[in-house]
Amino acid sequence: MIAALTAAQAMVAATARLRAAGVDDPARDARVLLAHAARIEASRVTLIAPEELSPEIAERYDHLISLRAIRVPVSHLLGEREFYGRRFRVSRDVLDPRPETETLVEAALSEPFDHVLDLGTGSGCILITLLAERTSASGIGADLSESACLQASANAVQHQVQDRVEILRSDWFENIEGFFDLIVANPPYISLEEMQDLSPEVREHEPRMALTDEGDGLGAYRHIAASAPDFLMPGGRILVEIGPTQGKAVAALFQAAGLVDAGVIPDLDGRDRVVVARMP
């Protein structure tokens, strides 16, 4: 147990534990988790570095480091993750928001929209961000997981868009009614054989149904492409996040379904990240 140590000594010991456990950036995680244990902003950790930790903080810190050492994601330990400049509550019931998904948000915001459908909404980070940025719009978030629906609803309240959003438990389009000028989705796109290559943080602590279709990684896109034309307004857009090798295949699915102007948008690292198409 980390006890009778200064904050600086505790961070050094914690960093060593996390490095031995194979954590990618152990010093950063040790610092962030100390701030969380001490209930201060991460930027203030250096200010308390010479101070001896109280027994209560030391115990909390030791517990957090022990969980991180078995590869529980930092976001789950903090209970939140930043996305597009906002903090979203997260847990093991939803996919952790990732920076590359902001590529989809940027593309969605590049044109006007009034009514948006977010399929597989998870934490609600995509839908809620779009509504927070476009204050005249409304939307529906759908997810098969009841726990995810509750998480998304809580995030909608936190970001004060609850009056413009409806969260529904739905297997893709199953319980959806109406028409939309924008449909977005970050579906499970990791193939079954790729699952073994994921980090323990993702493979063991994020919801499997949000990661893989247990097949070739294209199952969700086939379903979405087949049904999307029944829910898109004329001229309406659909944008989906993809794995970096799936652009051509997903664009072909949308074209085969009668959608037009299919294209692939790269993320900031230059990897294919979003497929966009339009209803004629």
# chains A, B, ... in the order shown; residues from 1 in each chain; ligands from 1
>>> residues_around(residues="His223 of chain A", least_positions_apart="6", cutoff="12 Å", atoms="only C-alpha atoms", output="MDAnalysis selection string")
chainID A and resid 119 171:174 185 187:188 213 217 229 250 253:254 257
>>> write_last_selection(atoms="N, CA, C and O atoms", output="compact mmCIF listing (two decimals), in the first residue's frame")
# COMPACT_ATOMS: atom_id res chain seq x y z
N LEU A 119 -27.42 5.94 -34.39
CA LEU A 119 -27.59 4.50 -34.20
C LEU A 119 -26.44 3.94 -33.37
O LEU A 119 -25.28 4.19 -33.66
N ASP A 171 -32.96 -2.13 -31.66
CA ASP A 171 -31.99 -2.91 -32.41
C ASP A 171 -31.87 -2.26 -33.79
O ASP A 171 -32.65 -2.54 -34.69
N TRP A 172 -30.90 -1.35 -33.91
CA TRP A 172 -30.77 -0.50 -35.09
C TRP A 172 -32.08 0.24 -35.37
O TRP A 172 -32.56 0.97 -34.54
N PHE A 173 -32.73 0.01 -36.50
CA PHE A 173 -33.92 0.79 -36.87
C PHE A 173 -35.22 0.21 -36.32
O PHE A 173 -36.30 0.74 -36.61
N GLU A 174 -35.15 -0.87 -35.57
CA GLU A 174 -36.35 -1.64 -35.20
C GLU A 174 -37.46 -0.77 -34.61
O GLU A 174 -38.64 -0.90 -34.99
N ALA A 185 -23.61 7.03 -37.13
CA ALA A 185 -23.40 5.78 -36.38
C ALA A 185 -21.92 5.49 -36.25
O ALA A 185 -21.14 5.77 -37.16
N PRO A 187 -20.74 2.06 -35.48
CA PRO A 187 -21.14 0.68 -35.18
C PRO A 187 -19.94 -0.21 -34.86
O PRO A 187 -18.79 0.19 -35.05
N PRO A 188 -20.19 -1.42 -34.37
CA PRO A 188 -19.09 -2.37 -34.14
C PRO A 188 -18.46 -2.76 -35.47
O PRO A 188 -19.12 -3.34 -36.33
N ASP A 213 -18.92 -7.49 -34.54
CA ASP A 213 -20.14 -8.17 -34.97
C ASP A 213 -19.96 -9.68 -34.92
O ASP A 213 -20.81 -10.43 -35.41
N GLY A 217 -16.74 -7.84 -39.49
CA GLY A 217 -16.69 -6.42 -39.16
C GLY A 217 -17.58 -5.55 -40.02
O GLY A 217 -17.68 -4.33 -39.80
N PRO A 229 -32.21 4.04 -46.38
CA PRO A 229 -33.03 4.79 -47.34
C PRO A 229 -34.49 4.94 -46.92
O PRO A 229 -35.17 5.89 -47.36
N VAL A 250 -17.60 -0.32 -47.38
CA VAL A 250 -18.79 0.32 -46.82
C VAL A 250 -19.40 1.28 -47.83
O VAL A 250 -20.63 1.34 -47.99
N LEU A 253 -21.47 -0.69 -50.18
CA LEU A 253 -22.75 -1.10 -49.59
C LEU A 253 -23.78 0.01 -49.69
O LEU A 253 -24.95 -0.23 -50.02
N PHE A 254 -23.37 1.23 -49.42
CA PHE A 254 -24.29 2.37 -49.51
C PHE A 254 -24.72 2.61 -50.96
O PHE A 254 -25.90 2.89 -51.23
N ALA A 257 -27.30 0.21 -52.04
CA ALA A 257 -28.61 0.46 -51.43
C ALA A 257 -29.33 1.65 -52.08
O ALA A 257 -30.44 1.99 -51.67
>>> select_by_dssp(residues="segment 56-247 of chain A", states="helix (DSSP H, G or I)", output="PyMOL selection string")
chain A and resi 56-69+74-78+99-108+125-133+146-158+162-164+192-197+200-205+208-210+219-230+247
>>> residues_around(residues="segment 157-167 of chain A", least_positions_apart="2", cutoff="7 Å", atoms="only C-alpha atoms", output="PyMOL selection string")
chain A and resi 128+131-132+138-142+149+153-155+169
>>> residues_around(residues="Leu33 of chain A", least_positions_apart="4", cutoff="8 Å", atoms="only C-alpha atoms", output="number ranges by chain")
A: 29, 37, 61, 64-65, 74, 78
>>> residues_around(residues="Arg237 of chain A", least_positions_apart="2", cutoff="10 Å", atoms="only C-alpha atoms", output="ChimeraX atom specification")
/A:108,111,113,116,180-184,228-229,232-235,239,259-262,276-280
>>> closest_residue(among="A:Ser147, A:Ala210, A:Ser199, A:His115", to="Gly178 of chain A", atoms="only C-alpha atoms")
A:His115
>>> select_by_dssp(residues="segment 73-189 of chain A", states="strand (DSSP E)", output="PyMOL selection string")
chain A and resi 80-83+86-89+115-119+138-143+165-169+180-185
>>> write_last_selection(atoms="N, CA and C atoms", output="tab-separated table (two decimals), in the first residue's frame")
chain	number	residue	atom	x	y	z
A	80	GLU	N	-15.39	9.48	-16.47
A	80	GLU	CA	-15.69	10.43	-17.52
A	80	GLU	C	-14.58	10.44	-18.56
A	81	ARG	N	-14.91	10.98	-19.73
A	81	ARG	CA	-13.94	11.11	-20.81
A	81	ARG	C	-14.25	12.37	-21.60
A	82	GLU	N	-13.23	13.11	-21.99
A	82	GLU	CA	-13.44	14.32	-22.77
A	82	GLU	C	-13.63	13.98	-24.24
A	83	PHE	N	-14.58	14.67	-24.86
A	83	PHE	CA	-14.86	14.47	-26.27
A	83	PHE	C	-15.35	15.78	-26.86
A	86	ARG	N	-16.02	18.56	-24.41
A	86	ARG	CA	-16.99	18.35	-23.33
A	86	ARG	C	-16.66	17.05	-22.60
A	87	ARG	N	-17.08	16.97	-21.37
A	87	ARG	CA	-16.83	15.75	-20.58
A	87	ARG	C	-18.10	14.90	-20.55
A	88	PHE	N	-17.93	13.63	-20.86
A	88	PHE	CA	-19.05	12.70	-20.89
A	88	PHE	C	-18.84	11.61	-19.86
A	89	ARG	N	-19.91	11.28	-19.15
A	89	ARG	CA	-19.86	10.18	-18.20
A	89	ARG	C	-19.76	8.86	-18.97
A	115	HIS	N	-32.85	17.28	-37.93
A	115	HIS	CA	-33.31	16.11	-37.18
A	115	HIS	C	-32.34	14.97	-37.44
A	116	VAL	N	-31.67	14.51	-36.38
A	116	VAL	CA	-30.58	13.54	-36.51
A	116	VAL	C	-30.91	12.26	-35.76
A	117	LEU	N	-30.52	11.14	-36.35
A	117	LEU	CA	-30.65	9.82	-35.72
A	117	LEU	C	-29.25	9.27	-35.48
A	118	ASP	N	-28.97	8.88	-34.24
A	118	ASP	CA	-27.68	8.29	-33.89
A	118	ASP	C	-27.91	6.83	-33.53
A	119	LEU	N	-27.42	5.94	-34.39
A	119	LEU	CA	-27.59	4.50	-34.20
A	119	LEU	C	-26.44	3.94	-33.37
A	138	SER	N	-32.86	18.72	-33.30
A	138	SER	CA	-33.33	17.71	-32.35
A	138	SER	C	-32.86	16.35	-32.85
A	139	GLY	N	-32.98	15.33	-31.98
A	139	GLY	CA	-32.49	14.04	-32.43
A	139	GLY	C	-32.96	12.87	-31.60
A	140	ILE	N	-32.69	11.68	-32.12
A	140	ILE	CA	-32.99	10.41	-31.45
A	140	ILE	C	-31.70	9.61	-31.35
A	141	GLY	N	-31.48	9.05	-30.19
A	141	GLY	CA	-30.37	8.13	-29.99
A	141	GLY	C	-30.91	6.74	-29.74
A	142	ALA	N	-30.42	5.75	-30.46
A	142	ALA	CA	-30.91	4.37	-30.33
A	142	ALA	C	-29.77	3.45	-29.94
A	143	ASP	N	-30.05	2.55	-29.01
A	143	ASP	CA	-29.05	1.55	-28.62
A	143	ASP	C	-29.77	0.31	-28.13
A	165	VAL	N	-33.79	15.77	-27.25
A	165	VAL	CA	-33.29	14.43	-27.57
A	165	VAL	C	-34.23	13.37	-27.00
A	166	GLU	N	-34.35	12.27	-27.73
A	166	GLU	CA	-35.09	11.10	-27.26
A	166	GLU	C	-34.15	9.90	-27.36
A	167	ILE	N	-34.02	9.18	-26.26
A	167	ILE	CA	-33.18	7.98	-26.25
A	167	ILE	C	-34.07	6.75	-26.22
A	168	LEU	N	-33.88	5.87	-27.20
A	168	LEU	CA	-34.74	4.69	-27.35
A	168	LEU	C	-33.91	3.42	-27.34
A	169	ARG	N	-34.44	2.40	-26.70
A	169	ARG	CA	-33.83	1.07	-26.83
A	169	ARG	C	-34.32	0.47	-28.15
A	180	PHE	N	-35.26	11.56	-41.25
A	180	PHE	CA	-34.15	12.34	-40.72
A	180	PHE	C	-33.34	12.92	-41.87
A	181	ASP	N	-32.82	14.12	-41.67
A	181	ASP	CA	-31.91	14.67	-42.68
A	181	ASP	C	-30.46	14.34	-42.37
A	182	LEU	N	-30.23	13.65	-41.23
A	182	LEU	CA	-28.89	13.19	-40.89
A	182	LEU	C	-28.98	11.92	-40.06
A	183	ILE	N	-28.27	10.89	-40.48
A	183	ILE	CA	-28.11	9.66	-39.70
A	183	ILE	C	-26.62	9.46	-39.45
A	184	VAL	N	-26.27	9.19	-38.20
A	184	VAL	CA	-24.87	8.96	-37.85
A	184	VAL	C	-24.78	7.64	-37.07
A	185	ALA	N	-23.61	7.03	-37.13
A	185	ALA	CA	-23.40	5.78	-36.38
A	185	ALA	C	-21.92	5.49	-36.25
